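As structure tokens, the structure follows; a few thoughts come after it.
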Amino acid sequence: MRLLYEGLTSVTCVSRRRRGYKYPPVRSDTGFFTDVTLCIGCKACEVACKQWNQLPADGYTFSAESYDNTGRLSATTWRHVAFVEQADRIEPAASRWMMMSDVCKHCTYAGCMEACPTGAIVRNEFGDVYVQPDVCNGCGYCVPSCPFGVVAVEPKEGVAQKCTLCYDRQKDGMEPACAKACPTDAITFGPVDELRANAQRRVEKLLAEGREASLYGIDGEETRETGPLNAFFLLPDRPEVFNLPPHPVLPSRFQPAAYSSALVAATALAVLGVAVFRGLREGA
Amino acid sequence: MPSQPHGAAFGAVGDVSPDAVAASLGRNDGGFGRAQETYFDHPVLHKAHWGWEIVGYFFAGGMAAASAALATLADAAGDPRDGALVRNGRYTALAGAAVSGVLLIADLGRPERFIAMMRIFKLKSPMSVGVYAFSAFSATAGLAALEQARADGTIARNPLGWIPKGPRVAVHALSAALMATYTGVLVAATAIPVWYRGRRHLPAIFALSAASTGCALQNGLLALGAGSPATSRKLEVIETVAAAAEGLLLLDYERTAGVPGKALFGGARGRRLKRMTLGLGLAVPALLALPGLFGRHPKRGRRLRGLVTAACALSGGYVLRESVVHAGRDSADDPRAYLQHPV
Ligand code: SF4
Ligand code: SF4
């Protein structure tokens with residue numbers, strides 16, 4: 001069953017991993033490196049993103065949890081700064097306050113892109129995952145298919161929306177608005193291989209200082225299904241502390257099991273139906 | 001900065017235990033920020049926006065597919081007593097396809113959005129597969145209904161009668177099989193824990209539920225009209241076997257889904273699912289059908305039995321679809337189901 005399925009999908013235009021598609025020479029991919037240890041929680045990225053992309057306000061809700069009143073990424077929030085408070089009541093000096101600017105990961109194997117039935121979600125010439133708003137029909141299937149809970153359908157327009165990695169700005173040779181606005185360079189933009197090298201150096205430096213640091217989205221366990229993320233992070237704690245899944249799933253991997261289940265049930269029912277209608281027919 | 005074990009820090013805060021401090025803060029980390037498991041329990045995943053339109057689509061589409069399959073099987077077996085089933089089955093398949101189409105468009109908002117789905121075919125996307133299955137099913141259901149109308153004398157001539165029967169029936173049967181199952185693949189192939197935990201069960205459960213509700217619907221229609229008891233008996237056999245398999249699969253789904261399965265099988269939703277689907281929808285019709293399977297049905301009350309069975313089975317089938325769709329919402333909203341329970 002699996003073989004049949006793989007064979008069929010490989011003749012249609014979709015999976016590049018399974019066909020071993022030589023996907024963009026990493027050089028041409030652009031992405032974000034977001035360093036949580038440098039973020040000061042000023043939310044300039046959130047604001048710059050809203051402004052450049054003309055995204056409406058989300059209303060004034062007061063979370064009463066932290067300085068984060070945005071909550072999470074949505075159709076109208078493409079950068080979201082999480083405020084993680086680790087107030088250690090027992091050893092106050094060990095308390096930490098971490099800010100993490102979340103964004104679409106621009107996955108190598110993107111669940112949203114695989115799920116989209118209209119082909120609205122494409123990988124653009126910069127190697128980033130882009131939703132074409134004029135093609136999207138708002139079916140919303142990409143939404144539960146994103147393993148990071150990023151893309152969402154905007155209720156008024158009825159189209160799926162998420163970070164475009166400032167496709168329009170990149171076309172004009174400019175860096176994305178959030179990276180431009182970030183005062184501490186916690187968000188840096190550039191070719192992914194350069195960013196990875198920088199990130200590696202930064203982690204080594206932090207570790208040498210005795211601080212906790214790890215990279216999320218380059219080659220760890222979290223990239224097993226989605227592949228390396230074009231927007232990756234430096235985290236001073238476990239990913240789940242920032243609501244990043246330690247094991248994001250690529251939903252298409254459930255299809256062989258699901259189609260097998262369908263095939264077995266449909267065949268069994270057909271056999272049952274034929275047996276009953278033939279076995280009990282008049283004169284049988 | 002390694003975090004200290006709880007015991008080491010007890011003295012530092014005097015009488016107040018770290019756990020009490022933590023509890024007063026609504027945390028379960030014993031006073032250590034380091035033990036955080038999620039980000040303020042905010043959801044990690046986004047949920048599908050699907051509402052009653054999609055629940056109704058899953059339900060009506062499955063029933064239409066089963067009705068079509070029953071009509072096709074009965075027609076192929078060629079028992080003259082099953083004539084009423086063939087006619088009802090073909091017409092209800094078309095009606096079901098029409099209702100499904102309306103519900104789909106209601107969900108998308110505008111008719112042309114449905115057409116937008118057909119700009120490409122993408123085997124990788126179950127949504128795309130489903131759209132083509134639905135289109136092929138609707139078209140062939142229309143052809144079958146035309147054929148029936150001609151046979152009934154409602155229309156004098158079938159304008160599309162030149163389409164060869166073999167391929168038409170083959171496409172109809174295959175697309176019906178896909179219609180009844182693809183919705184299970186659609187929900188299972190997402191990042192929502194309660195759904196992907198059911199990847200081996202949901203497509204089969206949806207197919208079996210389509211079969212049991214389809215049989216019950218046809219039986220109800222036969223009871224209303226002048227169906228032959230022989231046809232009802234065949235439908236009852238299929239319905240009972242499908243219902244038994246569906247019940248077993250549901251229980252196995254619950255057993256294997258683990259903690260993420262609580263969104264579907266736990267709490268009020270789980271109790272309702274068991275009461276309405278396992279009890280009313282599957283067990284009651286099976287019990288009512290049992291005497292008949294051994295050829296011992298009382299002569300009287302056949303009509304009433306058919307109608308009661310249909311009402312029970314249909315309610316059970318609807319509750320099943322609704323519970324699965326709603327459980328997906330809760331599962332997406334529960335960060336722990338996703339963060340702490342890898343596939
Ligand atoms: S993070 Fe989600 S929305 Fe972004 S590319 Fe990956 S799957 Fe798509
Ligand atoms: S909502 Fe739009 S982008 Fe998302 S799967 Fe549907 S058509 Fe594709």
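In the structure tokens, each chain is lettered A, B, ... as it comes, each chain's residues begin at 1, and ligands are numbered from 1 in order of appearance.
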What lies within 9 Å of Pro245 in chain A using only C-alpha atoms, ignoring chain neighbours under 6 positions off, as a JSON list (two decimals) with C-alpha atoms, in the first residue's frame?
[["chain", "number", "residue", "atom", "x", "y", "z"],
["A", 147, "PRO", "CA", 2.70, 21.59, 12.66],
["A", 148, "PHE", "CA", 3.58, 24.92, 14.29],
["A", 222, "GLU", "CA", 12.60, 18.88, 15.66],
["A", 239, "PRO", "CA", 11.41, 24.38, 23.06],
["B", 44, "VAL", "CA", 0.30, 25.45, 19.93],
["B", 335, "PRO", "CA", -0.91, 22.22, 23.98],
["B", 338, "TYR", "CA", 0.78, 17.82, 21.11],
["B", 339, "LEU", "CA", 3.90, 18.79, 23.06],
["B", 340, "GLN", "CA", 4.05, 15.85, 25.43]]
- So which bits of range 16-242 of chain A end up strand (DSSP E or B) when you DSSP the backbone, as a count of residues only? 49
Using only C-alpha atoms, which protein or nucleic acid residues come within 12 Å of Leu207 in chain A? Drop anything in the same chain fewer than 6 positions from it, and give the result as a CSV table (one decimal) with N, CA and C atoms, in the first residue's frame.
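The result, written out as part_25.csv:
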chain,number,residue,atom,x,y,z
A,200,GLN,N,25.7,29.2,14.9
A,200,GLN,CA,26.6,28.2,15.5
A,200,GLN,C,27.7,28.9,16.3
A,201,ARG,N,28.2,30.0,15.8
A,201,ARG,CA,29.2,30.8,16.6
A,201,ARG,C,28.6,31.3,17.8
A,213,ALA,N,22.1,27.3,25.9
A,213,ALA,CA,21.7,27.7,24.5
A,213,ALA,C,21.6,26.5,23.6
A,214,SER,N,20.6,26.5,22.8
A,214,SER,CA,20.6,25.4,21.7
A,214,SER,C,19.8,26.0,20.5
A,215,LEU,N,20.1,25.4,19.4
A,215,LEU,CA,19.5,25.9,18.2
A,215,LEU,C,18.3,25.0,17.9
A,234,LEU,N,17.4,30.5,18.4
A,234,LEU,CA,18.4,30.2,19.4
A,234,LEU,C,17.6,30.2,20.7
A,235,LEU,N,17.5,29.1,21.4
A,235,LEU,CA,16.7,29.1,22.6
A,235,LEU,C,17.5,28.8,23.9
A,236,PRO,N,17.2,29.5,24.9
A,236,PRO,CA,17.9,29.3,26.2
A,236,PRO,C,17.2,28.3,27.1
B,1,MET,N,23.1,26.7,34.4
B,1,MET,CA,22.4,26.9,35.7
B,1,MET,C,21.5,25.7,36.0
- Hey, what's within 9 Å of range 61-75 of chain A if we count only C-alpha atoms and toss same-chain stuff fewer than 2 positions away? As a PyMOL selection string, please? (chain A and resi 41+55+58-59+77-85+102-104+149-155+159-163) or (chain B and resi 40+42-44+46)
- Message: So that I can check the secondary structure, give me every residue of range 292-328 of chain B assigned alpha helix (DSSP H) by backbone DSSP, as a PyMOL selection string.
- Response: chain B and resi 292-293+302-328
- Message: Let me see if you get this right: every residue at most 10 Å from ligand 1, counting only C-alpha atoms and all ligand atoms, written as JSON, numbers by chain.
- Response: {"A": [103, 104, 105, 106, 107, 108, 109, 110, 111, 112, 113, 114, 115, 121, 122, 123, 128, 129, 130, 131, 142, 143, 144, 145, 146, 147, 148, 149, 150, 151, 152, 160, 161, 162, 163, 164, 226, 227, 229, 230, 231, 248, 249, 250, 251], "B": [45, 46, 191]}
Export of prior selection with N, CA and C atoms as a compact mmCIF listing (two decimals), in the first residue's frame:
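Generated file (result-v8.txt):
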# COMPACT_ATOMS: atom_id res chain seq x y z
N VAL A 103 7.52 33.30 14.60
CA VAL A 103 7.21 33.64 13.21
C VAL A 103 7.00 32.33 12.44
N CYS A 104 6.47 32.40 11.23
CA CYS A 104 6.37 31.21 10.38
C CYS A 104 7.77 30.65 10.14
N LYS A 105 7.89 29.32 10.23
CA LYS A 105 9.22 28.71 10.16
C LYS A 105 9.71 28.53 8.73
N HIS A 106 8.87 28.71 7.74
CA HIS A 106 9.23 28.49 6.34
C HIS A 106 9.95 27.14 6.19
N CYS A 107 9.19 26.10 6.57
CA CYS A 107 9.71 24.73 6.62
C CYS A 107 10.23 24.26 5.26
N THR A 108 11.23 23.37 5.30
CA THR A 108 11.67 22.74 4.06
C THR A 108 10.58 21.84 3.50
N TYR A 109 9.97 21.03 4.36
CA TYR A 109 8.81 20.23 3.96
C TYR A 109 7.63 20.80 4.72
N ALA A 110 6.89 21.66 4.04
CA ALA A 110 5.88 22.44 4.73
C ALA A 110 4.53 21.73 4.70
N GLY A 111 3.99 21.47 5.90
CA GLY A 111 2.69 20.81 6.00
C GLY A 111 1.60 21.62 5.31
N CYS A 112 1.65 22.93 5.45
CA CYS A 112 0.63 23.79 4.85
C CYS A 112 0.64 23.64 3.33
N MET A 113 1.84 23.61 2.78
CA MET A 113 1.98 23.58 1.32
C MET A 113 1.50 22.23 0.78
N GLU A 114 1.84 21.16 1.48
CA GLU A 114 1.41 19.84 1.02
C GLU A 114 -0.11 19.71 1.07
N ALA A 115 -0.72 20.34 2.07
CA ALA A 115 -2.16 20.16 2.27
C ALA A 115 -3.00 20.98 1.30
N ILE A 121 -0.29 27.76 -2.05
CA ILE A 121 0.94 27.90 -1.27
C ILE A 121 2.11 27.40 -2.10
N VAL A 122 3.05 28.27 -2.33
CA VAL A 122 4.19 27.92 -3.18
C VAL A 122 5.49 28.27 -2.47
N ARG A 123 6.56 27.77 -3.03
CA ARG A 123 7.88 28.19 -2.55
C ARG A 123 8.40 29.21 -3.56
N ASP A 128 11.23 30.65 0.15
CA ASP A 128 10.34 30.82 1.28
C ASP A 128 8.92 30.39 0.91
N VAL A 129 8.16 30.02 1.94
CA VAL A 129 6.81 29.50 1.72
C VAL A 129 5.83 30.68 1.66
N TYR A 130 5.14 30.80 0.53
CA TYR A 130 4.33 31.99 0.30
C TYR A 130 2.90 31.60 -0.08
N VAL A 131 1.90 32.22 0.55
CA VAL A 131 0.49 31.98 0.20
C VAL A 131 0.08 33.03 -0.82
N CYS A 142 -5.00 24.08 5.12
CA CYS A 142 -3.62 24.30 5.55
C CYS A 142 -3.54 24.56 7.06
N VAL A 143 -4.62 25.09 7.62
CA VAL A 143 -4.57 25.55 9.02
C VAL A 143 -4.27 24.42 10.00
N PRO A 144 -5.07 23.33 10.00
CA PRO A 144 -4.71 22.25 10.93
C PRO A 144 -3.53 21.42 10.43
N SER A 145 -3.02 21.72 9.25
CA SER A 145 -1.91 20.94 8.70
C SER A 145 -0.56 21.55 9.01
N CYS A 146 -0.55 22.75 9.57
CA CYS A 146 0.73 23.36 9.95
C CYS A 146 1.14 22.83 11.31
N PRO A 147 2.30 22.19 11.39
CA PRO A 147 2.70 21.59 12.66
C PRO A 147 3.13 22.60 13.70
N PHE A 148 3.18 23.89 13.33
CA PHE A 148 3.58 24.92 14.29
C PHE A 148 2.43 25.87 14.62
N GLY A 149 1.25 25.62 14.11
CA GLY A 149 0.12 26.50 14.41
C GLY A 149 0.33 27.91 13.92
N VAL A 150 0.81 28.08 12.70
CA VAL A 150 1.14 29.41 12.19
C VAL A 150 0.04 29.97 11.29
N VAL A 151 -0.21 29.31 10.17
CA VAL A 151 -1.11 29.88 9.18
C VAL A 151 -2.55 29.84 9.69
N ALA A 152 -3.34 30.85 9.32
CA ALA A 152 -4.75 30.90 9.74
C ALA A 152 -5.54 31.60 8.66
N ALA A 160 -6.19 32.38 3.54
CA ALA A 160 -5.17 32.00 4.51
C ALA A 160 -4.05 33.04 4.50
N GLN A 161 -3.57 33.37 5.69
CA GLN A 161 -2.52 34.37 5.77
C GLN A 161 -1.46 33.97 6.78
N LYS A 162 -0.24 34.37 6.48
CA LYS A 162 0.88 34.16 7.39
C LYS A 162 2.05 34.99 6.88
N CYS A 163 3.15 34.91 7.61
CA CYS A 163 4.36 35.64 7.24
C CYS A 163 4.76 35.31 5.80
N THR A 164 5.05 36.37 5.03
CA THR A 164 5.48 36.16 3.65
C THR A 164 7.00 36.27 3.55
N THR A 226 9.93 17.95 9.34
CA THR A 226 9.72 19.16 8.55
C THR A 226 10.96 19.56 7.78
N GLY A 227 12.09 18.92 8.07
CA GLY A 227 13.34 19.35 7.47
C GLY A 227 13.82 20.61 8.15
N LEU A 229 14.45 24.37 9.14
CA LEU A 229 13.53 25.51 9.04
C LEU A 229 14.30 26.73 8.56
N ASN A 230 13.73 27.42 7.57
CA ASN A 230 14.41 28.62 7.09
C ASN A 230 14.38 29.73 8.13
N ALA A 231 13.37 29.69 9.00
CA ALA A 231 13.37 30.62 10.13
C ALA A 231 13.62 29.80 11.37
N PRO A 248 7.60 18.35 15.91
CA PRO A 248 6.55 18.74 14.97
C PRO A 248 6.33 17.64 13.94
N VAL A 249 5.06 17.41 13.59
CA VAL A 249 4.75 16.32 12.64
C VAL A 249 4.51 16.89 11.25
N LEU A 250 4.86 16.11 10.25
CA LEU A 250 4.50 16.47 8.88
C LEU A 250 3.28 15.63 8.53
N PRO A 251 2.10 16.27 8.47
CA PRO A 251 0.86 15.48 8.43
C PRO A 251 0.77 14.48 7.29
N LEU B 45 -1.31 24.70 18.30
CA LEU B 45 -1.81 24.49 16.93
C LEU B 45 -3.02 25.38 16.67
N HIS B 46 -3.25 25.64 15.42
CA HIS B 46 -4.49 26.31 15.04
C HIS B 46 -5.53 25.27 14.69
N ALA B 191 -2.13 17.88 11.67
CA ALA B 191 -1.25 17.90 12.83
C ALA B 191 -2.03 17.82 14.14
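Near Gly301 in chain B, within a cut-off of 12 Å and counting only C-alpha atoms, sit the residues B:Ala223, B:Leu224, B:Pro229, B:Leu288, B:His297, B:Arg305, B:Gly306, B:Leu307, B:Val308, B:Thr309, with same-chain residues fewer than 4 positions away left out.
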- List the neighbours of Ala97 in chain B out to 10 Å using only C-alpha atoms; skip same-chain residues closer than 4 positions along the sequence, and give me the result as an NGL selection string. :B and (57 or 60-65 or 91-93 or 101-103 or 134-135 or 137-139 or 141-142)
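Distance annotation: of A:Phe32, A:Phe233, A:Tyr216, A:Tyr141, the residue with the minimal separation from chain B is A:Tyr141; atom set is only C-alpha atoms.
Taking CA of Arg110 in chain B as the reference point, CA of Lys122 in chain B is found at 21.9 Å.
Residue nearest chain B, chosen from A:Ala48, A:Val276, A:Ala120, A:Ala93 and counting only C-alpha atoms: A:Val276.
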